[in-house]
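> What follows is target.csv, made up of CSV, C-alpha atoms:
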chain,number,residue,atom,x,y,z
W,808,VAL,CA,16.6,25.8,-5.8
W,809,ASP,CA,16.3,27.5,-9.2
W,810,ILE,CA,13.4,29.9,-9.7
W,811,VAL,CA,11.2,29.5,-12.8
W,812,ALA,CA,9.4,32.8,-13.5
W,813,VAL,CA,6.0,32.6,-15.4
W,814,GLU,CA,3.7,35.6,-15.7
W,815,ARG,CA,0.1,35.4,-14.9
W,816,GLY,CA,-2.1,34.7,-17.9
W,817,THR,CA,0.6,32.7,-19.7
W,818,PRO,CA,-1.0,29.9,-21.7
W,819,VAL,CA,-0.7,26.4,-20.2
W,820,SER,CA,1.2,25.1,-23.2
W,821,GLU,CA,3.9,27.8,-22.6
W,822,ILE,CA,4.0,27.0,-18.9
W,823,LYS,CA,4.7,23.3,-19.7
W,824,GLN,CA,7.5,24.4,-22.1
W,825,VAL,CA,9.1,26.6,-19.5
W,826,PHE,CA,9.1,23.6,-17.1
W,827,ARG,CA,10.7,21.3,-19.7
W,828,GLU,CA,13.4,23.8,-20.6
W,829,SER,CA,14.1,24.5,-16.9
W,830,GLY,CA,15.5,21.0,-16.4
W,831,LEU,CA,13.7,20.8,-13.1
W,832,SER,CA,11.9,17.5,-13.5
W,833,ARG,CA,10.3,17.5,-10.0
W,834,LEU,CA,8.9,20.8,-8.7
W,835,PRO,CA,7.0,21.1,-5.4
W,836,VAL,CA,3.7,22.9,-5.1
W,837,TYR,CA,4.0,25.8,-2.6
W,838,GLU,CA,1.2,27.1,-0.5
W,839,ASP,CA,1.0,30.3,-2.6
W,840,ASP,CA,0.3,28.2,-5.7
W,841,LEU,CA,-2.8,26.4,-4.4
W,842,ASP,CA,-5.1,29.0,-6.0
W,843,ASN,CA,-3.5,29.4,-9.4
W,844,ILE,CA,-2.9,27.5,-12.6
W,845,ILE,CA,0.8,27.3,-11.9
W,846,GLY,CA,0.1,25.1,-8.8
W,847,VAL,CA,-2.3,23.0,-10.8
W,848,GLU,CA,0.2,22.3,-13.6
W,849,LEU,CA,2.9,21.5,-11.0
W,850,PHE,CA,0.7,19.2,-9.1
W,851,ILE,CA,-0.6,17.2,-12.1
W,852,HIS,CA,2.6,17.1,-14.2
W,853,GLN,CA,5.3,17.0,-11.5
W,854,GLU,CA,4.5,16.6,-7.8
W,855,SER,CA,2.0,13.8,-8.2
W,856,ARG,CA,4.5,11.5,-9.8
W,857,ASN,CA,6.1,10.8,-6.4
W,858,MET,CA,2.9,10.6,-4.5
W,859,THR,CA,0.7,7.8,-3.4
W,860,ALA,CA,-3.1,8.0,-4.2
W,861,GLU,CA,-3.7,9.0,-0.6
W,862,ASP,CA,-1.2,11.8,-0.8
W,863,MET,CA,-2.7,13.0,-4.1
W,864,HIS,CA,-6.1,13.1,-2.5
W,865,VAL,CA,-4.9,15.2,0.4
W,866,ARG,CA,-3.1,17.6,-1.9
W,867,PHE,CA,-6.1,18.0,-4.2
W,868,ALA,CA,-8.3,19.0,-1.3
W,869,GLN,CA,-5.8,21.8,-0.5
W,870,PHE,CA,-6.5,23.6,-3.7
W,871,SER,CA,-9.1,26.4,-3.9
W,872,GLU,CA,-12.6,25.4,-5.0
W,873,GLN,CA,-12.0,27.4,-8.2
W,874,MET,CA,-8.9,25.4,-9.1
W,875,GLN,CA,-10.6,22.1,-8.2
W,876,ASN,CA,-13.3,22.8,-10.7
W,877,LEU,CA,-11.0,23.2,-13.6
W,878,PRO,CA,-11.6,20.5,-16.3
W,879,GLN,CA,-8.1,19.1,-15.9
W,880,MET,CA,-8.4,18.9,-12.1
W,881,ARG,CA,-11.9,17.3,-12.3
W,882,GLN,CA,-10.5,14.6,-14.6
W,883,PHE,CA,-7.4,14.2,-12.4
W,884,LYS,CA,-9.7,13.7,-9.4
W,885,GLU,CA,-11.3,10.8,-11.3
W,886,TYR,CA,-7.8,9.3,-11.9
W,887,ILE,CA,-7.0,9.6,-8.1
W,888,GLU,CA,-10.3,7.9,-7.2
W,889,VAL,CA,-9.6,5.0,-9.5
W,890,LEU,CA,-6.1,4.6,-8.0
W,891,GLN,CA,-7.6,4.6,-4.5
W,892,ARG,CA,-10.1,1.9,-5.4
W,893,SER,CA,-7.4,-0.3,-7.0
W,894,GLN,CA,-4.9,-0.4,-4.2
W,895,VAL,CA,-3.6,-3.6,-2.5
W,896,GLY,CA,-6.2,-4.6,0.0
W,897,GLU,CA,-9.2,-3.2,-1.9
W,898,PRO,CA,-11.8,-5.4,-3.7
W,899,PHE,CA,-11.6,-5.7,-7.4
W,900,ILE,CA,-13.6,-3.2,-9.5
W,901,ASP,CA,-16.4,-4.9,-11.4
W,902,ALA,CA,-17.0,-4.2,-15.1
W,903,THR,CA,-18.6,-5.7,-18.2
W,904,THR,CA,-16.8,-6.6,-21.3
W,905,GLN,CA,-16.9,-9.3,-24.0
W,906,THR,CA,-15.4,-12.8,-24.5
W,907,ILE,CA,-13.8,-14.0,-27.8
W,908,THR,CA,-17.2,-14.9,-29.1
W,909,GLY,CA,-18.7,-11.5,-28.3
W,910,THR,CA,-20.7,-12.7,-25.3
W,911,GLU,CA,-20.9,-10.1,-22.5
W,912,VAL,CA,-19.5,-11.1,-19.2
W,913,LYS,CA,-18.9,-9.4,-15.9
W,914,LEU,CA,-15.6,-9.7,-13.9
W,915,SER,CA,-17.8,-10.6,-11.0
W,916,ASP,CA,-18.8,-13.7,-12.9
W,917,ILE,CA,-15.3,-14.9,-12.5
W,918,CYS,CA,-13.6,-13.1,-9.7
W,919,GLY,CA,-14.3,-13.6,-6.0
W,920,LYS,CA,-15.6,-17.1,-6.6
W,921,GLY,CA,-13.1,-19.1,-4.6
W,922,LYS,CA,-10.1,-19.1,-6.9
W,923,TRP,CA,-7.0,-17.0,-7.1
W,924,VAL,CA,-7.4,-14.8,-10.3
W,925,LEU,CA,-4.7,-13.0,-12.2
W,926,LEU,CA,-6.0,-10.1,-14.2
W,927,ASP,CA,-3.5,-9.8,-17.0
W,928,PHE,CA,-3.5,-6.7,-19.2
W,929,TRP,CA,-1.8,-7.1,-22.5
W,930,ALA,CA,-2.2,-6.7,-26.3
W,931,SER,CA,-1.1,-8.7,-29.3
W,932,TRP,CA,0.9,-5.8,-30.7
W,933,CYS,CA,2.8,-5.3,-27.4
W,934,GLY,CA,6.3,-6.8,-27.6
W,935,PRO,CA,7.0,-6.9,-23.8
W,936,CYS,CA,3.6,-8.5,-23.3
W,937,ARG,CA,4.5,-11.3,-25.7
W,938,ALA,CA,7.9,-11.7,-24.2
W,939,GLU,CA,6.4,-12.1,-20.8
W,940,MET,CA,3.8,-14.6,-21.9
W,941,PRO,CA,6.0,-17.7,-21.6
W,942,ASN,CA,6.5,-16.9,-18.0
W,943,VAL,CA,2.7,-16.4,-17.5
W,944,SER,CA,2.1,-19.8,-19.2
W,945,LYS,CA,4.5,-21.6,-17.0
W,946,CYS,CA,2.7,-20.2,-13.9
W,947,TYR,CA,-0.7,-21.2,-15.3
W,948,GLU,CA,0.4,-24.7,-16.1
W,949,LYS,CA,1.9,-25.2,-12.7
W,950,TYR,CA,-0.9,-23.6,-10.6
W,951,HIS,CA,-4.1,-23.8,-12.5
W,952,GLU,CA,-5.0,-27.2,-10.9
W,953,LYS,CA,-4.2,-25.7,-7.5
W,954,GLY,CA,-6.8,-22.9,-7.9
W,955,LEU,CA,-5.3,-20.2,-10.2
W,956,ASP,CA,-7.3,-18.7,-13.0
W,957,ILE,CA,-6.0,-16.1,-15.5
W,958,VAL,CA,-8.3,-13.5,-17.0
W,959,ALA,CA,-6.4,-11.8,-19.9
W,960,ILE,CA,-7.9,-8.4,-20.7
W,961,SER,CA,-6.6,-7.2,-24.1
W,962,PHE,CA,-6.0,-3.6,-25.3
W,963,ASP,CA,-6.3,-4.8,-28.9
W,964,MET,CA,-8.5,-3.1,-31.5
W,965,ASN,CA,-8.1,-5.7,-34.3
W,966,LYS,CA,-10.0,-8.9,-33.4
W,967,GLU,CA,-8.2,-11.1,-35.9
W,968,ALA,CA,-4.8,-10.1,-34.5
W,969,TRP,CA,-6.1,-10.7,-31.0
W,970,LEU,CA,-7.4,-14.1,-31.7
W,971,ARG,CA,-4.3,-15.1,-33.8
W,972,ALA,CA,-2.0,-14.2,-30.9
W,973,ILE,CA,-4.1,-16.3,-28.5
W,974,ARG,CA,-3.8,-19.3,-30.8
W,975,THR,CA,-0.1,-18.9,-31.7
W,976,MET,CA,1.0,-18.3,-28.1
W,977,ASN,CA,-1.1,-21.1,-26.7
W,978,MET,CA,-3.0,-19.2,-24.0
W,979,PRO,CA,-5.7,-21.5,-22.7
W,980,TRP,CA,-7.2,-19.2,-20.1
W,981,VAL,CA,-10.1,-16.7,-20.2
W,982,HIS,CA,-9.8,-13.9,-22.7
W,983,LEU,CA,-11.8,-10.7,-22.6
W,984,SER,CA,-11.7,-7.5,-24.7
W,985,ASP,CA,-14.0,-4.7,-25.9
W,986,LEU,CA,-11.5,-4.1,-28.7
W,987,ALA,CA,-11.3,-0.4,-27.7
W,988,GLY,CA,-7.5,-0.1,-27.4
W,989,TRP,CA,-6.5,2.5,-24.8
W,990,ASP,CA,-10.1,3.3,-24.2
W,991,SER,CA,-10.7,-0.3,-23.1
W,992,LEU,CA,-12.0,-1.9,-19.9
W,993,GLY,CA,-8.5,-1.9,-18.4
W,994,ALA,CA,-7.8,1.7,-19.2
W,995,LYS,CA,-11.1,3.1,-18.1
W,996,THR,CA,-11.8,0.9,-15.1
W,997,TYR,CA,-8.3,0.3,-13.7
W,998,ASN,CA,-6.6,3.3,-15.3
W,999,ILE,CA,-3.9,1.0,-16.8
W,1000,ARG,CA,-1.5,3.3,-18.8
W,1001,GLY,CA,1.3,0.8,-19.5
W,1002,ILE,CA,1.3,-2.8,-20.4
W,1003,PRO,CA,2.1,-5.6,-19.6
W,1004,ALA,CA,0.4,-5.0,-16.3
W,1005,ASN,CA,-1.5,-7.4,-13.9
W,1006,ILE,CA,-3.5,-7.5,-10.7
W,1007,LEU,CA,-3.6,-10.6,-8.5
W,1008,LEU,CA,-6.8,-11.3,-6.6
W,1009,ASP,CA,-7.4,-13.6,-3.7
W,1010,LYS,CA,-10.3,-16.1,-3.5
W,1011,GLU,CA,-12.6,-13.4,-2.2
W,1012,GLY,CA,-11.7,-10.9,-5.0
W,1013,LYS,CA,-9.4,-8.7,-2.9
W,1014,ILE,CA,-6.3,-7.2,-4.6
W,1015,ILE,CA,-3.2,-8.7,-3.0
W,1016,ALA,CA,-0.5,-7.8,-5.5
W,1017,ILE,CA,0.1,-5.5,-8.5
W,1018,ASP,CA,2.4,-5.8,-11.6
W,1019,LEU,CA,4.2,-9.1,-10.8
W,1020,ARG,CA,6.6,-10.0,-13.7
W,1021,GLY,CA,9.3,-12.5,-14.3
W,1022,ASP,CA,10.4,-14.5,-11.3
W,1023,GLU,CA,8.4,-12.3,-9.0
W,1024,LEU,CA,5.1,-13.7,-10.3
W,1025,GLY,CA,6.2,-17.3,-9.8
W,1026,GLU,CA,7.7,-16.6,-6.4
W,1027,THR,CA,4.5,-14.9,-5.2
W,1028,LEU,CA,2.3,-17.8,-6.5
W,1029,ALA,CA,4.7,-20.3,-4.8
W,1030,GLU,CA,4.3,-18.4,-1.5
W,1031,ILE,CA,0.5,-18.5,-1.8
W,1032,LEU,CA,0.2,-22.1,-3.0
W,1033,GLY,CA,3.2,-23.5,-1.1
W,1034,GLU,CA,5.3,-24.6,-4.0
W,1035,GLU,CA,8.8,-23.9,-5.3
W,1036,ARG,CA,9.1,-20.9,-7.6
W,1037,VAL,CA,8.7,-21.0,-11.3
W,1038,LEU,CA,11.6,-19.4,-13.1
W,1039,GLY,CA,10.7,-16.6,-15.4
W,1040,CYS,CA,12.0,-16.0,-18.9
W,1041,THR,CA,14.7,-13.5,-19.9
W,1042,VAL,CA,13.3,-10.6,-21.8
W,1043,ALA,CA,15.2,-8.4,-24.2
W,1044,TRP,CA,13.6,-5.0,-24.0
W,1045,GLY,CA,13.0,-3.0,-27.1
W,1046,ALA,CA,15.0,0.2,-27.5
W,1047,THR,CA,12.1,2.2,-28.8
W,1048,LEU,CA,9.8,1.7,-25.7
W,1049,GLN,CA,8.8,4.7,-23.6
W,1050,SER,CA,10.2,2.9,-20.5
W,1051,PRO,CA,12.0,-0.4,-20.2
W,1052,GLY,CA,9.7,-3.3,-20.9
W,1053,VAL,CA,6.5,-1.3,-20.9
W,1054,CYS,CA,4.2,-0.3,-23.8
W,1055,GLU,CA,2.8,3.0,-22.6
W,1056,LEU,CA,0.0,5.3,-23.6
W,1057,THR,CA,1.6,8.3,-25.3
W,1058,SER,CA,-1.4,10.5,-25.8
W,1059,ALA,CA,-3.6,11.2,-22.8
W,1060,PRO,CA,-7.4,11.2,-22.6
W,1061,ASP,CA,-9.4,14.3,-23.8
W,1062,ALA,CA,-8.9,17.3,-21.6
W,1063,LEU,CA,-6.0,15.7,-19.8
W,1064,SER,CA,-2.6,16.2,-21.4
W,1065,PHE,CA,-0.2,14.7,-18.9
W,1066,SER,CA,1.5,11.3,-19.3
W,1067,LEU,CA,0.4,8.9,-16.6
W,1068,GLY,CA,3.3,6.6,-17.2
W,1069,THR,CA,3.3,3.2,-15.4
W,1070,ILE,CA,0.5,3.0,-12.9
W,1071,SER,CA,2.3,0.7,-10.4
W,1072,ALA,CA,4.3,3.8,-9.3
W,1073,LYS,CA,1.1,5.3,-7.9
W,1074,ARG,CA,-0.4,2.1,-6.5
W,1075,ASN,CA,2.4,1.2,-4.1
W,1076,LYS,CA,3.5,-2.1,-5.5
W,1077,HIS,CA,3.5,-4.3,-2.4
W,1078,PHE,CA,1.6,-7.5,-1.5
W,1079,GLY,CA,0.6,-8.4,2.0
W,1080,LYS,CA,0.7,-11.8,3.7
W,1081,VAL,CA,-2.1,-14.1,2.7
Would you encode the structure as structure tokens?

Amino acid sequence: VDIVAVERGTPVSEIKQVFRESGLSRLPVYEDDLDNIIGVELFIHQESRNMTAEDMHVRFAQFSEQMQNLPQMRQFKEYIEVLQRSQVGEPFIDATTQTITGTEVKLSDICGKGKWVLLDFWASWCGPCRAEMPNVSKCYEKYHEKGLDIVAISFDMNKEAWLRAIRTMNMPWVHLSDLAGWDSLGAKTYNIRGIPANILLDKEGKIIAIDLRGDELGETLAEILGEERVLGCTVAWGATLQSPGVCELTSAPDALSFSLGTISAKRNKHFGKV
């Protein structure tokens, strides 16, 4: 393993640059680094990428109290806690947002009321979201009468663009948005950092699947509702996207400068038997 030397007192920005130039994209945190900023940077920017929420929680607790109280570590702890609460098997996280008419509504007004609910995170400006929407529509048309509801939570900031997309793409399900973009309900409550994304809830409001796209969405609904699968659509991914078929947040929240990427990698994308 190559050794990357960084002197104590080196600014965090320079540490990140050293890591990038080293070509080592995944560096472990060693026991000697659990009480210094090197270990913190390695953990947040590198090691955590291959960890589950539970593994991140364990690793966080191994750092010294001084390191845990750093601003970036306190915010990263909040991120871990959201991941832990949005795993398969956990109940949905309630939150309040607005309908297309501006009326406030809670997710608990809709979820856990005896219907299967797909929380669909999207935006009118997101190409992959729009490309996936015909597949979502097919599933809604096929399974709505059998107990499926869709709650689309938009990352839009422009209300006119949001409403125009709903009309032109013929999306007859529930639509919610606080028009706050990457600071929206989805980003803050479920820590969604790449769209399209979705969370499937059972009749009691328990999370049973995460990030079902294409044929996988139809196949999962068919398994639940006992019908043949709905074929998904073919999507041509844009070459300028941060990762294939995903519109990602490219600037992180205040005091946290790492890229969270696609959240499904941290949530363990598996659904259990229902």
> Per residue of stretch 983-1028 of chain W within 12 Å of stretch 958-974 of chain W, which atom pair is closest and at what distance in Å (one decimal), using only C-alpha atoms, listed by chain and increasing number, as a Markdown table?

| residue | atom | partner | partner_atom | distance |
| --- | --- | --- | --- | --- |
| W:Leu983 | CA | W:Ile960 | CA | 4.9 |
| W:Ser984 | CA | W:Ser961 | CA | 5.1 |
| W:Asp985 | CA | W:Met964 | CA | 8.0 |
| W:Leu986 | CA | W:Met964 | CA | 4.2 |
| W:Ala987 | CA | W:Met964 | CA | 5.4 |
| W:Gly988 | CA | W:Phe962 | CA | 4.3 |
| W:Trp989 | CA | W:Phe962 | CA | 6.1 |
| W:Asp990 | CA | W:Phe962 | CA | 8.1 |
| W:Ser991 | CA | W:Phe962 | CA | 6.1 |
| W:Leu992 | CA | W:Ile960 | CA | 7.7 |
| W:Gly993 | CA | W:Ile960 | CA | 6.9 |
| W:Ala994 | CA | W:Phe962 | CA | 8.3 |
| W:Lys995 | CA | W:Phe962 | CA | 11.1 |
| W:Thr996 | CA | W:Ile960 | CA | 11.5 |
| W:Tyr997 | CA | W:Ile960 | CA | 11.2 |
| W:Ile999 | CA | W:Phe962 | CA | 9.9 |
| W:Arg1000 | CA | W:Phe962 | CA | 10.5 |
| W:Gly1001 | CA | W:Phe962 | CA | 10.3 |
| W:Ile1002 | CA | W:Phe962 | CA | 8.8 |
| W:Pro1003 | CA | W:Ser961 | CA | 9.9 |
| W:Ala1004 | CA | W:Ile960 | CA | 10.0 |
| W:Asn1005 | CA | W:Ala959 | CA | 8.9 |
| W:Ile1006 | CA | W:Val958 | CA | 9.9 |
| W:Leu1007 | CA | W:Val958 | CA | 10.1 |
| W:Leu1008 | CA | W:Val958 | CA | 10.7 |
> Write a file of the selected residues as a short mmCIF file (atom, residue, chain, number, x, y, z; two decimals), in the frame of the given file, keeping C-alpha atoms.

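New file part_5.cif:
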data_model
loop_
_atom_site.label_atom_id
_atom_site.label_comp_id
_atom_site.auth_asym_id
_atom_site.auth_seq_id
_atom_site.Cartn_x
_atom_site.Cartn_y
_atom_site.Cartn_z
CA LEU W 983 -11.80 -10.70 -22.60
CA SER W 984 -11.70 -7.50 -24.70
CA ASP W 985 -14.00 -4.70 -25.90
CA LEU W 986 -11.50 -4.10 -28.70
CA ALA W 987 -11.30 -0.40 -27.70
CA GLY W 988 -7.50 -0.10 -27.40
CA TRP W 989 -6.50 2.50 -24.80
CA ASP W 990 -10.10 3.30 -24.20
CA SER W 991 -10.70 -0.30 -23.10
CA LEU W 992 -12.00 -1.90 -19.90
CA GLY W 993 -8.50 -1.90 -18.40
CA ALA W 994 -7.80 1.70 -19.20
CA LYS W 995 -11.10 3.10 -18.10
CA THR W 996 -11.80 0.90 -15.10
CA TYR W 997 -8.30 0.30 -13.70
CA ILE W 999 -3.90 1.00 -16.80
CA ARG W 1000 -1.50 3.30 -18.80
CA GLY W 1001 1.30 0.80 -19.50
CA ILE W 1002 1.30 -2.80 -20.40
CA PRO W 1003 2.10 -5.60 -19.60
CA ALA W 1004 0.40 -5.00 -16.30
CA ASN W 1005 -1.50 -7.40 -13.90
CA ILE W 1006 -3.50 -7.50 -10.70
CA LEU W 1007 -3.60 -10.60 -8.50
CA LEU W 1008 -6.80 -11.30 -6.60
#
> Considering only C-alpha atoms, tabulate each residue of stretch 889-997 of chain W that lies at most 7 Å from stretch 1011-1024 of chain W along with its nearest interatomic pair and the corresponding distance in Å to one decimal; arrange the rows by chain and ascending residue number and present them as a tab-separated table.

residue	atom	partner	partner_atom	distance
W:Gln894	CA	W:Ile1014	CA	7.0
W:Val895	CA	W:Ile1014	CA	5.0
W:Gly896	CA	W:Ile1014	CA	5.3
W:Glu897	CA	W:Lys1013	CA	5.6
W:Pro898	CA	W:Lys1013	CA	4.2
W:Phe899	CA	W:Gly1012	CA	5.7
W:Cys918	CA	W:Gly1012	CA	5.5
W:Gly919	CA	W:Gly1012	CA	3.9
W:Lys920	CA	W:Glu1011	CA	6.5
W:Gly921	CA	W:Glu1011	CA	6.2
W:Asn942	CA	W:Gly1021	CA	6.4
> Mind pulling up the distance from atom CA of W:Trp932 to atom CA of W:Arg856?
27.4 Å
> To one decimal in Å, tell me the separation between atom CA of W:Ala1029 and atom CA of W:Ser893.
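Atom CA of W:Ala1029 sits 23.5 Å away from atom CA of W:Ser893.
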> What does the distance between atom CA of W:Gln891 and atom CA of W:Thr859 come to in Å, to one decimal place?
9.0 Å
> Which one is closest to W:Phe883: W:Lys1010, W:His852, W:Lys913, W:Lys949? Count only C-alpha atoms.
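Among W:Lys1010, W:His852, W:Lys913, W:Lys949, it is W:His852 that comes nearest to W:Phe883.
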> Which is closest to W:Phe928 among W:Met858, W:His982, W:Glu888, W:Met874, if we use only C-alpha atoms?
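Using only C-alpha atoms, the shortest distance to W:Phe928 belongs to W:His982.
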> Pick the closest to W:Glu948 from W:Leu925, W:Met978, W:Leu890, W:Cys936: which is it, counting all atoms listed in the file?
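Checking each of W:Leu925, W:Met978, W:Leu890, W:Cys936 against W:Glu948, counting all atoms listed in the file, the winner is W:Met978.
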> Excluding W:Phe850 and its own-chain neighbours fewer than 2 positions away, which residues fall within 9 Å of it when counting all atoms listed in the file? Please give them as a VMD selection string.
chain W and resid 834 to 836 845 to 848 852 to 856 863 866 to 867
> From the coordinates supplied, stretch 854-863 of chain W should be written with all heavy atoms, as a short mmCIF file (atom, residue, chain, number, x, y, z; two decimals), in the first residue's frame.

data_model
loop_
_atom_site.label_atom_id
_atom_site.label_comp_id
_atom_site.auth_asym_id
_atom_site.auth_seq_id
_atom_site.Cartn_x
_atom_site.Cartn_y
_atom_site.Cartn_z
N GLU W 854 -13.51 6.21 3.47
CA GLU W 854 -13.90 4.93 4.07
C GLU W 854 -15.40 4.74 4.12
O GLU W 854 -15.91 3.65 3.88
CB GLU W 854 -13.30 4.81 5.47
CG GLU W 854 -13.51 3.44 6.10
CD GLU W 854 -12.94 3.36 7.50
OE1 GLU W 854 -13.17 4.28 8.30
OE2 GLU W 854 -12.26 2.36 7.80
N SER W 855 -16.14 5.80 4.42
CA SER W 855 -17.59 5.68 4.60
C SER W 855 -18.32 5.30 3.32
O SER W 855 -19.44 4.79 3.37
CB SER W 855 -18.17 6.99 5.14
OG SER W 855 -17.97 8.04 4.21
N ARG W 856 -17.70 5.51 2.17
CA ARG W 856 -18.37 5.23 0.90
C ARG W 856 -18.71 3.75 0.75
O ARG W 856 -19.65 3.40 0.04
CB ARG W 856 -17.48 5.66 -0.27
CG ARG W 856 -17.24 7.16 -0.34
CD ARG W 856 -16.43 7.52 -1.55
NE ARG W 856 -16.08 8.94 -1.58
CZ ARG W 856 -15.39 9.51 -2.55
NH1 ARG W 856 -14.96 8.78 -3.57
NH2 ARG W 856 -15.11 10.79 -2.50
N ASN W 857 -17.94 2.89 1.37
CA ASN W 857 -18.18 1.45 1.27
C ASN W 857 -18.81 0.88 2.54
O ASN W 857 -18.79 -0.32 2.75
CB ASN W 857 -16.87 0.71 0.99
CG ASN W 857 -16.34 1.01 -0.40
OD1 ASN W 857 -17.12 1.27 -1.32
ND2 ASN W 857 -15.05 0.98 -0.56
N MET W 858 -19.36 1.74 3.38
CA MET W 858 -19.92 1.30 4.66
C MET W 858 -21.44 1.37 4.67
O MET W 858 -22.03 2.24 4.03
CB MET W 858 -19.38 2.17 5.80
CG MET W 858 -17.95 1.92 6.20
SD MET W 858 -17.49 3.01 7.59
CE MET W 858 -16.03 2.14 8.19
N THR W 859 -22.05 0.50 5.43
CA THR W 859 -23.47 0.62 5.72
C THR W 859 -23.64 1.67 6.81
O THR W 859 -22.66 2.09 7.45
CB THR W 859 -24.05 -0.71 6.23
OG1 THR W 859 -23.42 -1.04 7.48
CG2 THR W 859 -23.81 -1.83 5.23
N ALA W 860 -24.87 2.10 7.05
CA ALA W 860 -25.13 3.07 8.10
C ALA W 860 -24.68 2.54 9.46
O ALA W 860 -24.13 3.29 10.28
CB ALA W 860 -26.61 3.42 8.13
N GLU W 861 -24.89 1.24 9.69
CA GLU W 861 -24.49 0.65 10.96
C GLU W 861 -22.98 0.68 11.13
O GLU W 861 -22.45 0.98 12.21
CB GLU W 861 -25.01 -0.78 11.06
CG GLU W 861 -26.51 -0.90 11.24
CD GLU W 861 -27.29 -0.58 9.98
OE1 GLU W 861 -26.70 -0.60 8.87
OE2 GLU W 861 -28.50 -0.26 10.10
N ASP W 862 -22.25 0.36 10.05
CA ASP W 862 -20.79 0.38 10.11
C ASP W 862 -20.28 1.80 10.35
O ASP W 862 -19.32 2.00 11.10
CB ASP W 862 -20.20 -0.16 8.81
CG ASP W 862 -20.41 -1.66 8.66
OD1 ASP W 862 -20.63 -2.33 9.68
OD2 ASP W 862 -20.35 -2.15 7.51
N MET W 863 -20.91 2.77 9.71
CA MET W 863 -20.50 4.16 9.93
C MET W 863 -20.73 4.59 11.37
O MET W 863 -19.93 5.32 11.96
CB MET W 863 -21.26 5.09 8.97
CG MET W 863 -20.75 5.05 7.54
SD MET W 863 -21.52 6.33 6.51
CE MET W 863 -23.02 5.51 6.04
#
